[in-house]
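Worksheet: one structure, shown below.
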Amino acid sequence: MSQDSVAKQDKQKQAPLLLEDEALRDGLQIESQIFTINQKIEFFNMLKKAGVKRIQVGSFVHPKIVPQMADSDELIKVLGSQADTVISALILNSKGLERAMACAVPHVSMSVSISDTHSRKNARRPATEALISMVELIKSARSQGLEVRAGLQSAFGCVYEGTISESAVLAAAEKMTLAGVNEINLADSSGMANPYSIKSLVKQVTQEFPEVRISLHLHDTRGLGLANMFSGYEAGVRVFDVCTGGLGGCPFIKGAAGNVPTEDAVNMFESMGIDTGIEPNTIIEAVAFLEKILNRHLPGRMKRVLSFEQSCDTQ
Ligand SMILES: [Zn+2]
């Protein structure tokens, strides 16, 4: 590895930790209850108040297929530009890019699956075809000045296809890097990663593309979310997707759980002396807000812990 590559990797490790909350998108997209735009705005403001620096607020998908995201354009327009918080959205096709440009969202994720079967179910097209058109779309978005991160779904395994080869992930990452993305998001959509596979893939992607920031999207399906997050951190990753309360799953992956709960990630890092910039008690209020609307407990642990500590304090 060249000295230049090592310097770029060191720079990535020195960057402050960034937790991107995706409850408004990855979480709400599978809920049968559709949140109103005012509920979404209230929840966004809670995350912002807690100190979350990047929030994925929606996706530009067909409103008939995912009605929960139908108001993404309007929501982004209402939120406008926010000091200290980057508003992001997910794009899966050319119509999505048109909508993103029309509502002037400053940051987007453009995502494809490495698994052919997952791609056919999720995006209704073969993985190779989806990648080719996504690369063209990324080039178009970059030429229009949009900040783009590329998402590679099922990068650590697929419930339909089993093992996903690291070389397939690297080949897709190369195409997206050449198209001009500044961040590659490796997504464990099936929750099949383990701390060793995280370390191995992050190491390879970092070595091949030292100029690109790596982020991780970790579904906690098998209870390894936090362990995988820590492994990623040790391997130099400083950007992680999280979901308040651990909300979420995937309609095409049986038994899928949500992302690592924001409050649990905050607790893990802060307890190790690593600053997240997020205030735990405020994020807990956001968990309570979701639980009240959804009328159920969410899987995150820290709300129960902090609520218990507070009730002890008052006794
Ligand atoms: Zn996800």
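Each chain of the structure tokens is named A, B, ... in the order shown, its residues numbered from 1; ligands are numbered from 1 in display order.
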
Could you list, as a PyMOL selection string, every residue within 7 Å of Ala155 (chain A), counting only C-alpha atoms and ignoring same-chain residues fewer than 4 positions away? chain A and resi 114+164+169+186-188

For the interface of chain A with ligand 1 (cut-off 12 Å, counting only C-alpha atoms and all ligand atoms), please tabulate each contacting residue of chain A alongside its nearest pair of atoms and their separation in Å to one decimal, rows sorted by chain and increasing number, as CSV.
residue,atom,partner,partner_atom_place_in_ligand_line,distance
A:Asp21,CA,ligand 1,1 (Zn),11.2
A:Glu22,CA,ligand 1,1 (Zn),8.3
A:Ala23,CA,ligand 1,1 (Zn),9.7
A:Leu24,CA,ligand 1,1 (Zn),11.6
A:Arg25,CA,ligand 1,1 (Zn),8.9
A:Asp26,CA,ligand 1,1 (Zn),5.4
A:Gly27,CA,ligand 1,1 (Zn),8.1
A:Leu28,CA,ligand 1,1 (Zn),11.0
A:Gln29,CA,ligand 1,1 (Zn),10.0
A:Ile30,CA,ligand 1,1 (Zn),10.6
A:Gln56,CA,ligand 1,1 (Zn),11.5
A:Leu90,CA,ligand 1,1 (Zn),11.0
A:Ser109,CA,ligand 1,1 (Zn),11.8
A:Ser111,CA,ligand 1,1 (Zn),10.6
A:Val112,CA,ligand 1,1 (Zn),11.8
A:Ser113,CA,ligand 1,1 (Zn),11.3
A:Asn122,CA,ligand 1,1 (Zn),11.8
A:Gly151,CA,ligand 1,1 (Zn),10.2
A:Leu152,CA,ligand 1,1 (Zn),10.6
A:Gln153,CA,ligand 1,1 (Zn),8.1
A:Ser154,CA,ligand 1,1 (Zn),9.6
A:Ala155,CA,ligand 1,1 (Zn),11.7
A:Asn185,CA,ligand 1,1 (Zn),10.9
A:Leu186,CA,ligand 1,1 (Zn),10.5
A:Ala187,CA,ligand 1,1 (Zn),7.1
A:Asp188,CA,ligand 1,1 (Zn),7.6
A:Ser189,CA,ligand 1,1 (Zn),5.5
A:Ser190,CA,ligand 1,1 (Zn),8.7
A:Gly191,CA,ligand 1,1 (Zn),9.5
A:Leu216,CA,ligand 1,1 (Zn),10.2
A:His217,CA,ligand 1,1 (Zn),6.5
A:Leu218,CA,ligand 1,1 (Zn),7.3
A:His219,CA,ligand 1,1 (Zn),6.4
A:Asp220,CA,ligand 1,1 (Zn),9.9
A:Thr221,CA,ligand 1,1 (Zn),10.8
A:Phe240,CA,ligand 1,1 (Zn),11.7
A:Asp241,CA,ligand 1,1 (Zn),8.7
A:Val242,CA,ligand 1,1 (Zn),9.2
A:Cys243,CA,ligand 1,1 (Zn),9.3
A:Gly246,CA,ligand 1,1 (Zn),10.9
A:Leu247,CA,ligand 1,1 (Zn),10.1
A:Gly248,CA,ligand 1,1 (Zn),7.4
A:Gly249,CA,ligand 1,1 (Zn),6.7
A:Cys250,CA,ligand 1,1 (Zn),6.8
A:Pro251,CA,ligand 1,1 (Zn),10.3
A:Phe252,CA,ligand 1,1 (Zn),11.1
A:Ile253,CA,ligand 1,1 (Zn),10.4
A:Ala256,CA,ligand 1,1 (Zn),9.2
A:Ala257,CA,ligand 1,1 (Zn),9.0
A:Gly258,CA,ligand 1,1 (Zn),7.0
A:Asn259,CA,ligand 1,1 (Zn),6.5
A:Val260,CA,ligand 1,1 (Zn),10.0

Same residues, C-alpha atoms, output as a tab-separated table (two decimals), in the first residue's frame:
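Once everything was written out, this is part.tsv:
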chain	number	residue	atom	x	y	z
A	21	ASP	CA	-30.63	8.12	11.56
A	22	GLU	CA	-32.84	6.32	9.05
A	23	ALA	CA	-35.97	5.70	11.11
A	24	LEU	CA	-37.96	8.09	8.91
A	25	ARG	CA	-37.10	6.02	5.84
A	26	ASP	CA	-35.81	2.50	6.56
A	27	GLY	CA	-37.99	2.34	9.67
A	28	LEU	CA	-41.29	3.84	8.56
A	29	GLN	CA	-41.34	2.32	5.07
A	30	ILE	CA	-42.57	-1.04	6.36
A	56	GLN	CA	-32.48	10.22	5.96
A	90	LEU	CA	-32.87	7.47	-1.01
A	109	SER	CA	-28.07	7.64	-1.21
A	111	SER	CA	-28.49	2.09	-3.85
A	112	VAL	CA	-28.38	-1.29	-5.64
A	113	SER	CA	-28.23	-4.87	-4.42
A	122	ASN	CA	-36.53	-5.35	-4.42
A	151	GLY	CA	-25.27	1.97	-1.32
A	152	LEU	CA	-24.45	-1.69	-1.89
A	153	GLN	CA	-27.23	-3.83	-0.43
A	154	SER	CA	-26.67	-7.46	0.62
A	155	ALA	CA	-22.93	-6.83	0.65
A	185	ASN	CA	-22.33	2.38	2.11
A	186	LEU	CA	-21.89	-1.33	2.68
A	187	ALA	CA	-25.27	-2.67	3.72
A	188	ASP	CA	-25.88	-5.85	5.65
A	189	SER	CA	-29.48	-6.03	4.44
A	190	SER	CA	-29.93	-9.64	5.56
A	191	GLY	CA	-28.16	-9.26	8.89
A	216	LEU	CA	-22.05	0.71	7.29
A	217	HIS	CA	-25.78	-0.11	7.34
A	218	LEU	CA	-26.27	-2.96	9.78
A	219	HIS	CA	-29.54	-4.79	10.28
A	220	ASP	CA	-29.69	-6.43	13.69
A	221	THR	CA	-31.54	-9.54	12.49
A	240	PHE	CA	-22.90	4.30	10.59
A	241	ASP	CA	-26.61	4.15	9.78
A	242	VAL	CA	-28.88	3.72	12.77
A	243	CYS	CA	-32.63	3.72	13.43
A	246	GLY	CA	-34.32	-0.16	16.17
A	247	LEU	CA	-37.35	0.40	13.95
A	248	GLY	CA	-37.43	-1.37	10.59
A	249	GLY	CA	-36.87	-4.57	8.66
A	250	CYS	CA	-37.20	-5.50	5.01
A	251	PRO	CA	-40.35	-6.68	3.22
A	252	PHE	CA	-38.31	-9.02	1.00
A	253	ILE	CA	-36.15	-10.57	3.69
A	256	ALA	CA	-35.37	-9.09	9.05
A	257	ALA	CA	-34.98	-6.79	12.04
A	258	GLY	CA	-34.30	-3.07	11.95
A	259	ASN	CA	-31.01	-1.26	12.00
A	260	VAL	CA	-28.92	-0.91	15.13

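Comparing A:Ser72, A:Asn295, A:Thr282, A:Gln12 by their smallest distance to Ile41 (chain A), the closest is A:Ser72 (using only C-alpha atoms).
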
Find the residues around Met46 (chain A) up to 9 Å (only C-alpha atoms counted), leave out those fewer than 3 positions away in its own chain, and share them as an MDAnalysis selection string. chainID A and resid 41:43 49:51 282:283 285:286

Where in region 95-311 of chain A does DSSP assign alpha helix (DSSP H), given as a VMD selection string? chain A and resid 95 to 102 116 to 122 127 to 143 166 to 178 195 to 208 225 to 234 262 to 271 280 to 294 302 to 311

Nearest to Gln204 (chain A): which of A:Gly162, A:Gly223, A:Glu291, A:Gln9 is it, counting only C-alpha atoms?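 Distance minimum relative to Gln204 (chain A) lands on A:Gln9.
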
Need the shell around Val237 (chain A): protein/DNA/RNA residues with any atom at most 9 Å away, counting only C-alpha atoms. Skip same-chain ones fewer than 5 positions apart. Format as a PyMOL selection string? chain A and resi 12-13+17+202+213-216+229+231-232

Just the selected residues (C-alpha atoms), exported as a CSV table (one decimal), in the first residue's frame, please.
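Output (again-v6.csv):
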chain,number,residue,atom,x,y,z
A,12,GLN,CA,-10.8,8.7,7.5
A,13,LYS,CA,-10.1,7.3,11.0
A,17,LEU,CA,-18.1,9.7,14.3
A,202,VAL,CA,-14.0,-3.0,5.1
A,213,ARG,CA,-15.5,7.3,2.8
A,214,ILE,CA,-17.0,4.0,4.0
A,215,SER,CA,-20.2,3.8,5.9
A,216,LEU,CA,-22.1,0.7,7.3
A,229,MET,CA,-20.6,-1.8,14.3
A,231,SER,CA,-15.8,-4.3,14.3
A,232,GLY,CA,-16.4,-1.6,11.6

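CA of Val239 (chain A) is found 23.2 Å from CA of Leu131 (chain A).
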
CA of Gly58 (chain A) and CA of Gln144 (chain A), how far apart in Å?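 These atoms are spaced 20.4 Å apart.
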
Contacts of Val108 (chain A) at 7 Å or less, counting only C-alpha atoms, minus same-chain residues fewer than 5 places along, as a list in words?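 So, after excluding close chain neighbours, the residues are Ser88, Ala89, Leu90, Ile91, Glu147, Val148 and Arg149 of chain A.
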
Would you put the residues from that selection into a file with C-alpha atoms, as a PDB file, in the first residue's frame?
ATOM      1  CA  SER A  88     -30.750  12.955   2.966  1.00  0.00           C
ATOM      2  CA  ALA A  89     -33.044  10.767   0.867  1.00  0.00           C
ATOM      3  CA  LEU A  90     -32.874   7.472  -1.005  1.00  0.00           C
ATOM      4  CA  ILE A  91     -32.995   7.227  -4.800  1.00  0.00           C
ATOM      5  CA  GLU A 147     -23.675  14.902  -3.102  1.00  0.00           C
ATOM      6  CA  VAL A 148     -24.060  11.146  -3.569  1.00  0.00           C
ATOM      7  CA  ARG A 149     -23.281   8.136  -1.488  1.00  0.00           C
TER       8      ARG A 149
END
